[in-house]
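First the structure, in the form of structure tokens, and then the observations on it.
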Amino acid sequence: MPRDRTAKPAVLGFPVRRPATSRASLRSSSALRRRLVVGVLVLLALALITASFRESEGGPLHDAQAAASTALRPFQVAVERVARPFRDAYGWSADLVNAKSEADKLQKENEVLRQQVVQNESALQQNVELRALLDYKNGPEFPSGYRYIATEVVSTAPRAFQQEIVVAVGANDGVQLNAPVVTNEGLVGQVTRVFSRTARVTLITDEQSFVSAEDLRSGATGIVRNGGAGDTLVLSRVNKEEVVKNGDEVITSGWRADGLSSLYPRGIPIGEVTSVGRTSNDLYLQVQIRPYVDTTSLHSVIVLIEKQPRTGP
Amino acid sequence: MSDGLTIAGLIGTAALLQSTVFSSLEIAGGTPDLLLVTLLGISLLRGSIVGAIAGFAGGLVLDVANMATLGVSSLLLALAGYWTGRYGETTGRDRTHAPFLAVIVLTILVTVGGVALHFMLGDEVSARHAFLETVIPELGLNLIIAAPVFALCRRLLKPDDLQARVQEVRLLG
């Protein structure tokens with residue numbers, strides 16, 4: 001079968017008759033030329049790489065490259081200036097597209113950071129409070145014969161008339177019923193119910209709370225109880241003969257008599273006398289006290305545990 | 001304007017644009033290679049010899065402009081131009097997908113070759129970064145710019161001489 005000697009370059013779309021003679025030699029010389037050119041270029045590139053790589057920074061090839069780069073600089077600057085508006089436009093569009101996701105990301109980051117700030121502030125406040133409690137524990141005011149359990153307040157008074165808090169220690173930690181609860185500022189209350197891991201503390205501002213107390217300056221004794229108006233306390237049953245003045249400090253008296261003793265050790269600060277009333281038909285003074293401890297913002301407290309537990313009657 | 005000057009202008013402009021604008025144009029983690037795509041367009045239209053010379057020259061301009069090791073880009077682009085020219089001279093000439101196939105193959109090969117060369121020269125190159133993170137977006141970007149660049153090349157470079165093309169044609173039958 002005779003061989004078809006036509007070729008169909010698709011770009012042209014019509015057949016071309018190729019001369020039969022000298023075709024092989026043409027192809028051969030063309031291939032040779034191609035290989036020669038590419039071979040020379042590859043060798044030249046390899047030589048350039050070798051020379052450029054091995055030569056020191058101040059060598060002639062680097063100098064020539066620097067000179068050529070300097071010569072190209074104006075063209076680069078021109079191209080850069082021409083392209084800058086387009087690049088800026090692209091950058092602006094890309095920034096616009098990315099702006100929303102970036103804003104969302106930053107907002108989330110901001111929320112996380114805000115939470116961290118709150119946590120840090122809370123930790124700082126707790127640290128300050130615990131340090132104060134530690135100072136109190138190591139100070140002379142800490143009652144002897146007692147050990148301490150420092151704890152967090154896990155629940156504050158849910159209602160105004162319910163003057164109780166819950167602390168994060170309980171029977172498992174050695175907390176006992178009626179144990180006094182204090183802060184570095186003064187008396188908080190006493191444990192009125194003990195659970196395994198928590199305990200309920202009735203505050204001194206509760207209507208059912210009564211604390212034997214003493215005016216530190218005059219030595220006048222009485223009973224501290226709820227004053228009936230908010231967080232104020234009154235020192236009741238103080239004889240009219242006693243001289244109690246505004247600003248006097250009231251502390252726990254910690255009495256002992258006939259084998260009985262107060263639930264609170266002596267010397268725990270309770271509050272400061274804010275007013276003293278005296279009426280002709282009353283047997284006792286009317287002494288109002290402002291408690292040292294702000295029972296509405298308690299975070300950490302100390303539960304006092306007697307080293308030698310008292311025996312029952 | 002002669003054919004040689006047109007090709008020189010195209011390659012020179014592409015190299016300058018590549019070194020100034022396109023090299024800093026990072027889109028989706030990749031950078032479009034205008035010089036490579038322009039070279040492929042020229043090589044497909046003008047054959048392997050012109051492709052190899054244009055690639056060598058373009059690479060040289062790029063290395064000079066970037067103050068890089070001389071010859072690295074020249075070697076890679078000369079081989080890329082040669083291969084594409086041969087592809088155009090033989091099987092790829094009459095295929096519409098030829099330019100895009102050339103872009104896909106050469107983008108990958110030039111990336112691999114570049115990483116290998118720089119590795120051999122002791123440069124710090126990350127193969128993972130090059131092959132997994134940049135080559136795919138670069139491939140996409142090169143394909144995007146391929147159509148307009150090839151159209152420009154076809155417009156500036158007139159169809160080749162008839163006899164020259166016929167000499168390179170594949171025989172049928």
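A note on labels: chains of the structure tokens are A, B, ... as shown, every chain counts residues from 1, and ligands are counted from 1 in their shown order.
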
Hey, what's within 7 Å of segment 38-41 of chain B if we count only C-alpha atoms and toss same-chain stuff fewer than 3 positions away? As a PDB file with C-alpha atoms, in the first residue's frame, please?
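That gives us around16.pdb:
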```
ATOM      1  CA  ILE B  11       9.941  38.179  27.640  1.00  0.00           C
ATOM      2  CA  ALA B  14       7.121  39.578  31.593  1.00  0.00           C
ATOM      3  CA  LEU B  34       3.692  35.386  34.300  1.00  0.00           C
ATOM      4  CA  LEU B  35       7.149  34.788  32.858  1.00  0.00           C
ATOM      5  CA  LEU B  44       4.194  26.866  21.452  1.00  0.00           C
ATOM      6  CA  LEU B  45       4.051  29.423  18.652  1.00  0.00           C
ATOM      7  CA  GLY B  51      11.563  28.715  23.339  1.00  0.00           C
ATOM      8  CA  ALA B  54      13.707  32.993  25.261  1.00  0.00           C
ATOM      9  CA  GLY B  55      13.587  30.923  28.447  1.00  0.00           C
ATOM     10  CA  GLY B  81      10.824  26.554  26.682  1.00  0.00           C
ATOM     11  CA  THR B  84       7.076  23.226  25.246  1.00  0.00           C
ATOM     12  CA  VAL B 149      -1.411  35.705  27.879  1.00  0.00           C
ATOM     13  CA  PHE B 150      -1.674  33.183  25.040  1.00  0.00           C
ATOM     14  CA  CYS B 153       1.158  36.122  22.258  1.00  0.00           C
TER      15      CYS B 153
END
```

Practice task
May I have the residues within 12 Å of Leu156 of chain B as a VMD selection string, using only C-alpha atoms and disregarding those fewer than 3 positions away in the same chain?
Solution key: chain B and resid 1 to 10 38 41 to 42 45 to 46 149 to 153 159 to 160

Those residues with C-alpha atoms, as a PDB file, in the first residue's frame please?
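What landed in again-v3.pdb:
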```
ATOM      1  CA  MET B   1       8.763  45.206  14.430  1.00  0.00           C
ATOM      2  CA  SER B   2      10.718  42.016  13.820  1.00  0.00           C
ATOM      3  CA  ASP B   3       9.759  38.747  15.410  1.00  0.00           C
ATOM      4  CA  GLY B   4      12.885  38.684  17.564  1.00  0.00           C
ATOM      5  CA  LEU B   5      12.242  42.118  18.990  1.00  0.00           C
ATOM      6  CA  THR B   6       8.649  41.259  19.758  1.00  0.00           C
ATOM      7  CA  ILE B   7       9.702  38.123  21.606  1.00  0.00           C
ATOM      8  CA  ALA B   8      12.429  40.050  23.464  1.00  0.00           C
ATOM      9  CA  GLY B   9       9.903  42.701  24.423  1.00  0.00           C
ATOM     10  CA  LEU B  10       7.401  40.128  25.607  1.00  0.00           C
ATOM     11  CA  THR B  38       4.460  33.937  28.528  1.00  0.00           C
ATOM     12  CA  GLY B  41       2.953  30.866  24.764  1.00  0.00           C
ATOM     13  CA  ILE B  42       6.002  31.923  22.763  1.00  0.00           C
ATOM     14  CA  LEU B  45       4.051  29.423  18.652  1.00  0.00           C
ATOM     15  CA  ARG B  46       7.724  29.580  17.747  1.00  0.00           C
ATOM     16  CA  VAL B 149      -1.411  35.705  27.879  1.00  0.00           C
ATOM     17  CA  PHE B 150      -1.674  33.183  25.040  1.00  0.00           C
ATOM     18  CA  ALA B 151      -4.163  35.424  23.263  1.00  0.00           C
ATOM     19  CA  LEU B 152      -1.695  38.311  23.510  1.00  0.00           C
ATOM     20  CA  CYS B 153       1.158  36.122  22.258  1.00  0.00           C
ATOM     21  CA  PRO B 159       1.615  32.640  12.407  1.00  0.00           C
ATOM     22  CA  ASP B 160       4.894  30.999  11.598  1.00  0.00           C
TER      23      ASP B 160
END
```

Practice task
With a distance cut-off of 9 Å and only C-alpha atoms, select the neighbouring residues of Ala28 of chain B, excluding the residue or stretch itself and same-chain residues fewer than 2 positions from it, and output the selection as an NGL selection string.
Solution key: :B and (26 or 30-31 or 134 or 137-138)

Practice task
Name the residues in contact with segment 240-242 of chain A at a cut-off of 7 Å, using only C-alpha atoms, excluding same-chain residues fewer than 5 positions from it; report them as number ranges by chain.
Solution key: A: 220, 283-285

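Each of B:Ser74, B:Asn66, B:Ser43, B:Tyr87 was compared to Leu117 of chain B using only C-alpha atoms, and B:Ser74 turns out to be the nearest.
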
Practice task
Have a look at B:Val37, B:Val115, B:Ile27, B:Val135 and name the one nearest to chain A; count only C-alpha atoms.
Solution key: B:Ile27

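Atom CA of Pro140 of chain A is positioned 18.3 Å from atom CA of Arg217 of chain A.
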
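The gap separating atom CA of His129 of chain B from atom CA of Ala83 of chain A is 28.0 Å, in Å to one decimal.
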
Practice task
Might you pull out every residue within 10 Å of segment 135-138 of chain A, with only C-alpha atoms counted and same-chain residues fewer than 5 positions away left off, and present them as a list of chain:residue names?
Solution key: A:Glu129, A:Leu130, A:Pro143, A:Arg147, A:Tyr148, A:Ala150, A:Val182, A:Thr183, A:Asn184, A:Glu185, A:Gly186, A:Ile302

C-alpha atoms of the current selection, written as an mmCIF file, in the first residue's frame:
```cif
data_model
loop_
_atom_site.group_PDB
_atom_site.id
_atom_site.type_symbol
_atom_site.label_atom_id
_atom_site.label_comp_id
_atom_site.auth_asym_id
_atom_site.auth_seq_id
_atom_site.Cartn_x
_atom_site.Cartn_y
_atom_site.Cartn_z
ATOM 1 C CA GLU A 129 -8.278 38.131 99.964
ATOM 2 C CA LEU A 130 -6.364 34.914 100.622
ATOM 3 C CA PRO A 143 -7.501 33.010 118.394
ATOM 4 C CA ARG A 147 -6.836 25.805 113.650
ATOM 5 C CA TYR A 148 -8.206 27.189 110.446
ATOM 6 C CA ALA A 150 -9.650 28.686 104.470
ATOM 7 C CA VAL A 182 -14.319 34.801 110.227
ATOM 8 C CA THR A 183 -12.379 36.882 107.746
ATOM 9 C CA ASN A 184 -9.362 39.067 108.371
ATOM 10 C CA GLU A 185 -11.836 41.908 108.955
ATOM 11 C CA GLY A 186 -13.897 40.252 111.641
ATOM 12 C CA ILE A 302 -11.875 31.085 107.409
#
```

Exercise for the section: Tell me which of B:Val72, B:Leu139, B:Leu36, B:Ala146 sits closest to Ile104 of chain B, counting only C-alpha atoms. Expected result: B:Leu139

Problem - Pairwise distance for atom CA of Val117 of chain A and atom CA of Val166 of chain A, rounded to one decimal in Å - result: 26.5 Å

Exercise for the section: Please identify all polymer residues within 12 Å of Leu44 of chain A, counting only C-alpha atoms, omitting same-chain residues fewer than 3 positions from it, and present them as JSON, numbers by chain. Expected result: {"A": [36, 37, 38, 39, 40, 41, 47, 48, 49, 50, 51, 52], "B": [53, 56, 57, 60, 70, 71, 72, 74, 75, 78]}

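Of the residues under consideration (B:Val105, B:Ala65, B:Leu157, B:Ala15), B:Ala65 shows the shortest atom-to-atom contact distance to chain A when counting only C-alpha atoms.
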
Practice task
Name the residues of segment 57-168 of chain B that fall into helix (DSSP H, G or I) according to DSSP on the backbone, using the chain letters and numbers of this document, as a ChimeraX atom specification.
Solution key: /B:57-66,72-89,98-120,127-156,162-167

Would you mind exporting the chosen residues as a compact mmCIF listing (two decimals), in the first residue's frame, restricted to C-alpha atoms?
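Output below, filename selection-v2.txt:
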```txt
# COMPACT_ATOMS: atom_id res chain seq x y z
CA ALA B 57 17.14 35.09 28.44
CA GLY B 58 14.01 35.56 30.55
CA GLY B 59 15.54 33.56 33.39
CA LEU B 60 18.69 35.62 33.19
CA VAL B 61 16.74 38.89 33.41
CA LEU B 62 14.78 37.50 36.35
CA ASP B 63 17.90 36.39 38.22
CA VAL B 64 19.62 39.71 37.57
CA ALA B 65 16.59 41.72 38.65
CA ASN B 66 16.16 39.64 41.81
CA VAL B 72 19.11 28.89 38.04
CA SER B 73 16.05 30.42 36.41
CA SER B 74 17.81 30.39 33.06
CA LEU B 75 18.36 26.64 33.23
CA LEU B 76 14.82 25.88 34.33
CA LEU B 77 13.14 28.20 31.83
CA ALA B 78 15.41 27.19 28.94
CA LEU B 79 14.43 23.57 29.46
CA ALA B 80 10.78 24.56 29.93
CA GLY B 81 10.82 26.55 26.68
CA TYR B 82 12.53 23.72 24.82
CA TRP B 83 10.09 21.08 26.04
CA THR B 84 7.08 23.23 25.25
CA GLY B 85 8.47 24.08 21.83
CA ARG B 86 8.93 20.41 21.02
CA TYR B 87 5.44 19.68 22.28
CA GLY B 88 4.08 22.40 20.00
CA GLU B 89 6.13 21.21 17.05
CA ALA B 98 -2.23 22.18 24.47
CA PRO B 99 -1.45 25.54 26.14
CA PHE B 100 -3.26 24.54 29.33
CA LEU B 101 -1.67 21.11 29.42
CA ALA B 102 1.72 22.77 28.94
CA VAL B 103 0.99 25.18 31.79
CA ILE B 104 -0.03 22.34 34.12
CA VAL B 105 2.96 20.15 33.33
CA LEU B 106 5.55 22.92 33.26
CA THR B 107 4.32 24.61 36.43
CA ILE B 108 4.81 21.35 38.31
CA LEU B 109 8.11 20.50 36.64
CA VAL B 110 9.58 23.97 37.11
CA THR B 111 8.54 23.88 40.79
CA VAL B 112 10.13 20.47 41.28
CA GLY B 113 13.23 21.52 39.36
CA GLY B 114 13.51 24.77 41.31
CA VAL B 115 13.27 23.00 44.65
CA ALA B 116 15.84 20.41 43.54
CA LEU B 117 18.27 23.04 42.24
CA HIS B 118 18.01 25.23 45.31
CA PHE B 119 18.39 22.16 47.51
CA MET B 120 21.56 21.21 45.67
CA ALA B 127 9.54 20.73 49.79
CA ARG B 128 6.34 20.42 51.80
CA HIS B 129 5.64 24.12 51.41
CA ALA B 130 6.47 24.09 47.72
CA PHE B 131 4.61 20.94 46.73
CA LEU B 132 1.65 20.93 49.06
CA GLU B 133 0.93 24.58 49.81
CA THR B 134 2.02 26.71 46.87
CA VAL B 135 2.02 24.56 43.76
CA ILE B 136 -1.75 24.00 43.65
CA PRO B 137 -2.74 27.68 43.95
CA GLU B 138 0.10 28.63 41.59
CA LEU B 139 -1.19 26.09 39.09
CA GLY B 140 -4.67 27.59 39.30
CA LEU B 141 -3.38 31.13 38.93
CA ASN B 142 -1.20 30.20 35.96
CA LEU B 143 -4.17 28.55 34.29
CA ILE B 144 -6.23 31.69 34.88
CA ILE B 145 -3.67 33.99 33.29
CA ALA B 146 -2.85 31.48 30.53
CA ALA B 147 -5.80 32.35 28.29
CA PRO B 148 -5.18 36.13 28.09
CA VAL B 149 -1.41 35.71 27.88
CA PHE B 150 -1.67 33.18 25.04
CA ALA B 151 -4.16 35.42 23.26
CA LEU B 152 -1.70 38.31 23.51
CA CYS B 153 1.16 36.12 22.26
CA ARG B 154 -0.90 34.94 19.30
CA ARG B 155 -1.84 38.51 18.51
CA LEU B 156 1.72 39.84 18.64
CA LEU B 162 4.49 27.73 6.32
CA GLN B 163 7.50 25.76 5.18
CA ALA B 164 9.11 25.83 8.58
CA ARG B 165 6.02 24.39 10.16
CA VAL B 166 5.58 21.75 7.53
CA GLN B 167 9.10 20.45 8.07
```

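With distances taken over only C-alpha atoms, A:Gln76 is the one residue among A:Asn239, A:Ser29, A:Asn127, A:Gln76 lying closest to chain B.
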
Handout entry: Of the listed residues A:Arg81, A:Ser209, A:Val181, A:Glu306, that which approaches Glu152 of chain A most closely, counting only C-alpha atoms
Key = A:Val181

Practice task
Name the residues of segment 74-273 of chain A that come out as strand (DSSP E or B) in a backbone DSSP run; write them as a ChimeraX atom specification.
Solution key: /A:146-155,159,162,164-167,180-182,187-194,199-203,210-215,221-226,233-239,249-252,256-257,260-261,269-273
